[in-house]
file structure18.cif (mmCIF, C-alpha atoms)
data_protein
#
loop_
_atom_site.group_PDB
_atom_site.id
_atom_site.type_symbol
_atom_site.label_atom_id
_atom_site.label_comp_id
_atom_site.auth_asym_id
_atom_site.auth_seq_id
_atom_site.Cartn_x
_atom_site.Cartn_y
_atom_site.Cartn_z
ATOM 1 C CA MET A 1 0.000 0.000 0.000
ATOM 2 C CA ALA A 2 1.324 3.445 -0.940
ATOM 3 C CA TYR A 3 2.445 5.894 1.750
ATOM 4 C CA PHE A 4 0.435 9.102 2.151
ATOM 5 C CA PRO A 5 2.679 12.214 1.794
ATOM 6 C CA PHE A 6 2.017 14.262 4.927
ATOM 7 C CA PHE A 7 3.837 17.610 5.089
ATOM 8 C CA VAL A 8 4.809 18.249 8.711
ATOM 9 C CA GLU A 9 5.966 21.421 10.473
ATOM 10 C CA LEU A 10 9.400 20.607 11.954
ATOM 11 C CA SER A 11 10.564 24.061 13.019
ATOM 12 C CA GLY A 12 11.594 23.926 16.665
ATOM 13 C CA ARG A 13 10.702 20.254 17.072
ATOM 14 C CA SER A 14 13.144 17.858 18.687
ATOM 15 C CA GLY A 15 14.481 15.013 16.552
ATOM 16 C CA LEU A 16 16.992 12.261 17.262
ATOM 17 C CA ILE A 17 19.425 10.745 14.769
ATOM 18 C CA VAL A 18 21.063 7.552 15.956
ATOM 19 C CA GLY A 19 24.238 7.069 13.970
ATOM 20 C CA GLY A 20 27.201 9.188 12.996
ATOM 21 C CA GLY A 21 28.122 8.033 9.496
ATOM 22 C CA LYS A 22 27.314 8.962 5.905
ATOM 23 C CA VAL A 23 23.664 7.927 6.128
ATOM 24 C CA ALA A 24 23.140 10.057 9.223
ATOM 25 C CA LEU A 25 24.866 12.945 7.438
ATOM 26 C CA ARG A 26 22.470 12.695 4.475
ATOM 27 C CA LYS A 27 19.449 12.629 6.772
ATOM 28 C CA ALA A 28 20.657 15.636 8.777
ATOM 29 C CA ASP A 29 21.380 17.580 5.569
ATOM 30 C CA LYS A 30 17.794 17.054 4.423
ATOM 31 C CA LEU A 31 16.227 17.918 7.779
ATOM 32 C CA LEU A 32 18.179 20.945 8.967
ATOM 33 C CA PRO A 33 16.775 23.467 6.426
ATOM 34 C CA TYR A 34 13.337 22.832 7.966
ATOM 35 C CA GLY A 35 14.415 24.037 11.412
ATOM 36 C CA PRO A 36 14.255 21.053 13.783
ATOM 37 C CA LYS A 37 16.383 20.764 16.917
ATOM 38 C CA LEU A 38 18.449 17.690 16.087
ATOM 39 C CA THR A 39 20.438 15.521 18.456
ATOM 40 C CA VAL A 40 22.959 13.052 17.023
ATOM 41 C CA VAL A 41 24.088 10.129 19.167
ATOM 42 C CA ALA A 42 26.804 7.688 18.101
ATOM 43 C CA PRO A 43 30.121 6.367 19.433
ATOM 44 C CA GLU A 44 31.847 7.971 16.429
ATOM 45 C CA ILE A 45 30.608 10.961 14.414
ATOM 46 C CA LEU A 46 31.932 11.984 11.013
ATOM 47 C CA PRO A 47 33.667 15.374 11.061
ATOM 48 C CA GLN A 48 31.362 16.548 8.227
ATOM 49 C CA LEU A 49 28.338 15.686 10.353
ATOM 50 C CA ALA A 50 29.777 17.236 13.502
ATOM 51 C CA ALA A 51 30.476 20.435 11.560
ATOM 52 C CA LEU A 52 26.822 20.997 10.643
ATOM 53 C CA PRO A 53 25.446 23.981 12.578
ATOM 54 C CA GLY A 54 22.766 23.561 15.205
ATOM 55 C CA LEU A 55 23.315 19.925 16.133
ATOM 56 C CA GLN A 56 23.597 18.580 19.661
ATOM 57 C CA LEU A 57 26.241 15.843 19.600
ATOM 58 C CA LEU A 58 26.357 12.901 22.011
ATOM 59 C CA THR A 59 29.517 10.879 21.338
ATOM 60 C CA ARG A 60 28.480 7.621 22.968
ATOM 61 C CA PRO A 61 26.261 4.587 22.272
ATOM 62 C CA PHE A 62 22.500 5.033 22.049
ATOM 63 C CA GLN A 63 20.552 4.777 25.295
ATOM 64 C CA PRO A 64 16.769 4.276 25.532
ATOM 65 C CA GLN A 65 16.371 7.513 27.513
ATOM 66 C CA ASP A 66 17.624 9.382 24.436
ATOM 67 C CA LEU A 67 14.089 8.961 23.045
ATOM 68 C CA GLU A 68 12.505 11.084 25.760
ATOM 69 C CA GLY A 69 10.929 14.258 24.406
ATOM 70 C CA GLN A 70 11.671 13.456 20.770
ATOM 71 C CA SER A 71 9.091 14.266 18.067
ATOM 72 C CA PHE A 72 10.700 11.893 15.564
ATOM 73 C CA VAL A 73 13.631 9.495 15.340
ATOM 74 C CA ILE A 74 16.016 8.458 12.579
ATOM 75 C CA ALA A 75 17.741 5.093 13.059
ATOM 76 C CA ALA A 76 20.821 5.443 10.847
ATOM 77 C CA ALA A 77 23.525 3.507 12.671
ATOM 78 C CA ASP A 78 25.958 1.278 10.814
ATOM 79 C CA ASP A 79 24.787 -1.656 12.985
ATOM 80 C CA PRO A 80 21.408 -3.098 11.863
ATOM 81 C CA ALA A 81 20.812 -4.475 15.362
ATOM 82 C CA VAL A 82 21.031 -0.968 16.817
ATOM 83 C CA ASN A 83 18.617 0.328 14.196
ATOM 84 C CA ARG A 84 16.120 -2.448 14.970
ATOM 85 C CA LEU A 85 16.340 -1.681 18.684
ATOM 86 C CA VAL A 86 15.876 2.065 18.166
ATOM 87 C CA ALA A 87 12.944 1.524 15.809
ATOM 88 C CA SER A 88 11.260 -0.944 18.157
ATOM 89 C CA LEU A 89 11.566 1.343 21.173
ATOM 90 C CA ALA A 90 10.322 4.343 19.195
ATOM 91 C CA ARG A 91 7.281 2.453 17.922
ATOM 92 C CA GLU A 92 6.467 1.296 21.474
ATOM 93 C CA ARG A 93 6.454 4.942 22.545
ATOM 94 C CA GLY A 94 4.402 6.132 19.565
ATOM 95 C CA ILE A 95 7.289 8.203 18.167
ATOM 96 C CA PRO A 96 7.503 8.380 14.358
ATOM 97 C CA VAL A 97 10.653 6.572 13.275
ATOM 98 C CA ASN A 98 12.579 6.044 10.069
ATOM 99 C CA ALA A 99 14.951 3.090 10.027
ATOM 100 C CA ALA A 100 17.352 3.856 7.213
ATOM 101 C CA ASP A 101 18.003 0.194 6.419
ATOM 102 C CA SER A 102 14.493 -1.219 6.891
ATOM 103 C CA LYS A 103 11.164 -0.118 5.458
ATOM 104 C CA GLU A 104 9.430 -2.697 7.650
ATOM 105 C CA ASP A 105 10.840 -1.173 10.849
ATOM 106 C CA SER A 106 9.868 2.371 9.796
ATOM 107 C CA THR A 107 6.651 4.272 10.417
ATOM 108 C CA PHE A 108 7.599 6.950 7.857
ATOM 109 C CA LEU A 109 9.881 7.098 4.828
ATOM 110 C CA PHE A 110 12.257 9.784 3.587
ATOM 111 C CA PRO A 111 11.299 11.062 0.137
ATOM 112 C CA ALA A 112 13.601 12.016 -2.663
ATOM 113 C CA LEU A 113 13.413 15.743 -2.019
ATOM 114 C CA VAL A 114 13.365 18.784 -4.278
ATOM 115 C CA ARG A 115 13.463 22.110 -2.429
ATOM 116 C CA ARG A 116 13.281 25.630 -3.818
ATOM 117 C CA GLY A 117 12.688 28.061 -0.973
ATOM 118 C CA GLU A 118 9.073 27.630 0.120
ATOM 119 C CA LEU A 119 8.527 24.849 -2.422
ATOM 120 C CA SER A 120 9.110 21.271 -1.292
ATOM 121 C CA VAL A 121 8.451 18.317 -3.564
ATOM 122 C CA GLY A 122 8.703 14.882 -1.973
ATOM 123 C CA ILE A 123 8.865 11.789 -4.188
ATOM 124 C CA SER A 124 8.372 8.272 -2.868
ATOM 125 C CA THR A 125 7.922 4.854 -4.437
ATOM 126 C CA SER A 126 6.905 3.475 -1.009
ATOM 127 C CA GLY A 127 10.287 1.810 -0.834
ATOM 128 C CA ALA A 128 9.799 -0.134 -4.066
ATOM 129 C CA SER A 129 12.665 1.560 -5.897
ATOM 130 C CA PRO A 130 14.799 4.342 -4.393
ATOM 131 C CA THR A 131 16.612 4.480 -7.745
ATOM 132 C CA ALA A 132 13.363 5.348 -9.503
ATOM 133 C CA ALA A 133 12.584 8.010 -6.886
ATOM 134 C CA VAL A 134 15.963 9.667 -7.476
ATOM 135 C CA TRP A 135 15.394 9.576 -11.258
ATOM 136 C CA LEU A 136 11.996 11.226 -10.834
ATOM 137 C CA LYS A 137 13.533 13.863 -8.570
ATOM 138 C CA GLU A 138 16.032 14.736 -11.302
ATOM 139 C CA GLN A 139 13.226 15.022 -13.846
ATOM 140 C CA VAL A 140 11.253 17.370 -11.577
ATOM 141 C CA GLU A 141 14.319 19.549 -11.018
ATOM 142 C CA THR A 142 14.722 20.050 -14.773
ATOM 143 C CA LEU A 143 11.056 21.068 -15.112
ATOM 144 C CA LEU A 144 11.059 23.807 -12.479
ATOM 145 C CA PRO A 145 11.260 27.291 -14.015
ATOM 146 C CA GLN A 146 14.036 29.698 -13.150
ATOM 147 C CA HIS A 147 13.341 32.282 -10.431
ATOM 148 C CA LEU A 148 10.501 30.136 -9.027
ATOM 149 C CA GLU A 149 11.768 30.626 -5.473
ATOM 150 C CA GLU A 150 11.755 34.418 -5.925
ATOM 151 C CA ILE A 151 8.246 34.355 -7.414
ATOM 152 C CA LEU A 152 6.837 32.244 -4.588
ATOM 153 C CA LEU A 153 8.319 34.580 -1.969
ATOM 154 C CA TRP A 154 6.813 37.563 -3.823
ATOM 155 C CA LEU A 155 3.369 35.930 -3.895
ATOM 156 C CA GLU A 156 3.580 35.187 -0.167
ATOM 157 C CA GLN A 157 4.390 38.838 0.568
ATOM 158 C CA LEU A 158 1.679 40.048 -1.817
ATOM 159 C CA ARG A 159 -1.224 38.153 -0.243
ATOM 160 C CA PRO A 160 -1.703 40.519 2.759
ATOM 161 C CA GLN A 161 -1.771 43.501 0.384
ATOM 162 C CA LEU A 162 -4.482 41.861 -1.712
ATOM 163 C CA THR A 163 -6.503 40.956 1.386
ATOM 164 C CA GLN A 164 -6.565 44.608 2.505
ATOM 165 C CA GLY A 165 -7.408 45.918 -0.961
ATOM 166 C CA PRO A 166 -10.699 46.409 -2.799
ATOM 167 C CA LEU A 167 -11.074 42.834 -4.069
ATOM 168 C CA SER A 168 -13.600 40.327 -2.791
ATOM 169 C CA PRO A 169 -12.433 36.805 -1.865
ATOM 170 C CA ALA A 170 -13.748 35.518 -5.202
ATOM 171 C CA GLN A 171 -11.862 38.233 -7.088
ATOM 172 C CA ARG A 172 -8.631 37.483 -5.199
ATOM 173 C CA HIS A 173 -9.115 33.800 -5.959
ATOM 174 C CA ALA A 174 -9.355 34.639 -9.661
ATOM 175 C CA LEU A 175 -6.452 37.095 -9.611
ATOM 176 C CA LEU A 176 -3.779 34.987 -7.907
ATOM 177 C CA PRO A 177 -3.428 32.416 -10.717
ATOM 178 C CA ARG A 178 -3.190 35.282 -13.225
ATOM 179 C CA LEU A 179 -0.440 36.960 -11.192
ATOM 180 C CA PHE A 180 1.452 33.691 -10.944
ATOM 181 C CA SER A 181 1.156 32.998 -14.683
ATOM 182 C CA ALA A 182 2.256 36.535 -15.563
ATOM 183 C CA ALA A 183 5.306 36.292 -13.281
ATOM 184 C CA LEU A 184 6.272 32.938 -14.799
ATOM 185 C CA ALA A 185 5.888 34.355 -18.302
ATOM 186 C CA GLN A 186 8.288 37.238 -17.636
ATOM 187 C CA GLY A 187 10.589 35.164 -15.435
ATOM 188 C CA ARG A 188 10.431 37.383 -12.358
ATOM 189 C CA PRO A 189 7.930 38.990 -9.954
ATOM 190 C CA LEU A 190 5.721 41.726 -11.341
ATOM 191 C CA ASP A 191 6.461 45.330 -10.407
ATOM 192 C CA PRO A 192 3.863 47.288 -8.368
ATOM 193 C CA ASP A 193 2.422 49.059 -11.426
ATOM 194 C CA GLN A 194 1.802 45.743 -13.141
ATOM 195 C CA VAL A 195 0.117 44.354 -10.037
ATOM 196 C CA GLN A 196 -2.083 47.421 -9.684
ATOM 197 C CA ALA A 197 -3.141 47.215 -13.318
ATOM 198 C CA MET A 198 -4.204 43.592 -12.873
ATOM 199 C CA ILE A 199 -6.088 44.459 -9.676
ATOM 200 C CA GLN A 200 -7.992 47.140 -11.549
ATOM 201 C CA GLU A 201 -8.980 44.609 -14.172
ATOM 202 C CA GLU A 202 -10.726 42.601 -11.437
ATOM 203 C CA VAL A 203 -12.568 45.574 -9.873
ATOM 204 C CA PRO A 204 -16.060 46.014 -11.345
ATOM 205 C CA HIS A 205 -16.452 49.308 -13.192
ATOM 206 C CA SER A 206 -19.395 51.453 -12.148
#
call {"tool": "encode", "arguments": {"input": "structure18.cif", "output": "structure tokens"}}
result
Amino acid sequence: MAYFPFFVELSGRSGLIVGGGKVALRKADKLLPYGPKLTVVAPEILPQLAALPGLQLLTRPFQPQDLEGQSFVIAAADDPAVNRLVASLARERGIPVNAADSKEDSTFLFPALVRRGELSVGISTSGASPTAAVWLKEQVETLLPQHLEEILLWLEQLRPQLTQGPLSPAQRHALLPRLFSAALAQGRPLDPDQVQAMIQEEVPHS
């Protein structure tokens, strides 16, 4: 059965990564831009992983009490037995867990991830083929238009202005796709005069 792609707010949430190798490094790299408070516990931690900003490092073996207060757990140790133990204890406590070496021990999967500012695209084959997921990620990356991140940020900042303006909710609903399409067509956000002209087009004339 396919996995449903929930999008979860991680900013400020506590997460635990058990393991200090390359797999743990990849997981931390994906997670950190979303603002969680990550703790890494492992007897040995790669220098590249230790150098990532904002991590709490525990250079010792995993202990069950490390799970206390965690919102999610990543079992990414080099020892499969450690990963099975971590995953089992997390599931017993109702903590979402990803076991990097075992879909069956996981309650959530890591997607192949495309990120452009506020845009996040997660691709999963439900564990059937990570290779296919990576291929699809590469295809998506080639399809994204240039300056998309800048346009999305502009639209986010524009929404309060539109809410306070003369347009009704229905008119704003009709205008936003037009603004987005116009920005894509010219490859950058619209200037204020262009926005105002499009707003006027939506306002009924008396």
call {"tool": "closest_residue", "arguments": {"input": "structure18.cif", "among": "A:Leu89, A:Ala170, A:Val134, A:Leu184", "to": "Trp154 (chain A)", "atoms": "all atoms listed in the file"}}
result
A:Leu184
call {"tool": "closest_residue", "arguments": {"input": "structure18.cif", "among": "A:Leu32, A:Val86, A:Leu162, A:Ile95", "to": "Phe72 (chain A)", "atoms": "all atoms listed in the file"}}
result
A:Ile95
call {"tool": "resolve_selection", "arguments": {"input": "structure18.cif", "expression": "the PyMOL selection byres ((chain A and resi 101) around 10)", "output": "count of residues only"}}
result
17
call {"tool": "resolve_selection", "arguments": {"input": "structure18.cif", "expression": "the PyMOL selection byres ((chain A and resi 180) around 10)", "output": "JSON, numbers by chain"}}
result
{"A": [148, 151, 152, 154, 155, 175, 176, 177, 178, 179, 181, 182, 183, 184, 185, 188, 189, 190]}
call {"tool": "closest_residue", "arguments": {"input": "structure18.cif", "among": "A:Gly187, A:Gly117, A:Pro145, A:Pro111", "to": "Tyr3 (chain A)", "atoms": "all atoms listed in the file"}}
result
A:Pro111
call {"tool": "axis_aligned_box", "arguments": {"input": "structure18.cif", "around": "region 28-32 of chain A", "padding_each_side": "3 Å", "output": "lines of an AutoDock Vina configuration file"}}
result
center_x = 18.8
center_y = 18.3
center_z = 6.7
size_x = 11.2
size_y = 11.3
size_z = 10.5
call {"tool": "atom_distance", "arguments": {"input": "structure18.cif", "atom1": "CA of Gly12 (chain A)", "atom2": "CA of Arg93 (chain A)"}}
result
20.5 Å
call {"tool": "resolve_selection", "arguments": {"input": "structure18.cif", "expression": "the PyMOL selection byres ((chain A and resi 107) around 6)", "output": "VMD selection string"}}
result
chain A and resid 96 to 97 106 108
call {"tool": "atom_distance", "arguments": {"input": "structure18.cif", "atom1": "CA of Ile17 (chain A)", "atom2": "CA of Ala133 (chain A)"}}
result
22.9 Å
call {"tool": "residues_around", "arguments": {"input": "structure18.cif", "residues": "Leu38 (chain A)", "least_positions_apart": "4", "cutoff": "10 Å", "atoms": "all atoms listed in the file", "output": "list in words"}}
result
Gly12, Arg13, Ser14, Gly15, Leu16, Ile17, Ala28, Leu31, Leu32, Gly54, Leu55, Gln56, Leu57, Gln70, Phe72 and Val73 of chain A
call {"tool": "atom_distance", "arguments": {"input": "structure18.cif", "atom1": "CA of Arg172 (chain A)", "atom2": "CA of Gly122 (chain A)"}}
result
28.7 Å
call {"tool": "closest_residue", "arguments": {"input": "structure18.cif", "among": "A:Gly21, A:Phe62, A:Ser71, A:Asp191", "to": "Val8 (chain A)", "atoms": "only C-alpha atoms"}}
result
A:Ser71
call {"tool": "closest_residue", "arguments": {"input": "structure18.cif", "among": "A:Leu119, A:Gln63, A:Lys22, A:Glu202", "to": "His147 (chain A)", "atoms": "all atoms listed in the file"}}
result
A:Leu119
call {"tool": "residues_near_point", "arguments": {"input": "structure18.cif", "point": "(16.5, 14.6, -9.7)", "cutoff": "12 Å", "atoms": "all atoms listed in the file", "output": "PDB file with C-alpha atoms, in the frame of the given file"}}
result
ATOM      1  CA  PRO A 111      11.299  11.062   0.137  1.00  0.00           C
ATOM      2  CA  ALA A 112      13.601  12.016  -2.663  1.00  0.00           C
ATOM      3  CA  LEU A 113      13.413  15.743  -2.019  1.00  0.00           C
ATOM      4  CA  VAL A 114      13.365  18.784  -4.278  1.00  0.00           C
ATOM      5  CA  ARG A 115      13.463  22.110  -2.429  1.00  0.00           C
ATOM      6  CA  VAL A 121       8.451  18.317  -3.564  1.00  0.00           C
ATOM      7  CA  GLY A 122       8.703  14.882  -1.973  1.00  0.00           C
ATOM      8  CA  ILE A 123       8.865  11.789  -4.188  1.00  0.00           C
ATOM      9  CA  PRO A 130      14.799   4.342  -4.393  1.00  0.00           C
ATOM     10  CA  THR A 131      16.612   4.480  -7.745  1.00  0.00           C
ATOM     11  CA  ALA A 132      13.363   5.348  -9.503  1.00  0.00           C
ATOM     12  CA  ALA A 133      12.584   8.010  -6.886  1.00  0.00           C
ATOM     13  CA  VAL A 134      15.963   9.667  -7.476  1.00  0.00           C
ATOM     14  CA  TRP A 135      15.394   9.576 -11.258  1.00  0.00           C
ATOM     15  CA  LEU A 136      11.996  11.226 -10.834  1.00  0.00           C
ATOM     16  CA  LYS A 137      13.533  13.863  -8.570  1.00  0.00           C
ATOM     17  CA  GLU A 138      16.032  14.736 -11.302  1.00  0.00           C
ATOM     18  CA  GLN A 139      13.226  15.022 -13.846  1.00  0.00           C
ATOM     19  CA  VAL A 140      11.253  17.370 -11.577  1.00  0.00           C
ATOM     20  CA  GLU A 141      14.319  19.549 -11.018  1.00  0.00           C
ATOM     21  CA  THR A 142      14.722  20.050 -14.773  1.00  0.00           C
ATOM     22  CA  LEU A 143      11.056  21.068 -15.112  1.00  0.00           C
ATOM     23  CA  LEU A 144      11.059  23.807 -12.479  1.00  0.00           C
TER      24      LEU A 144
END
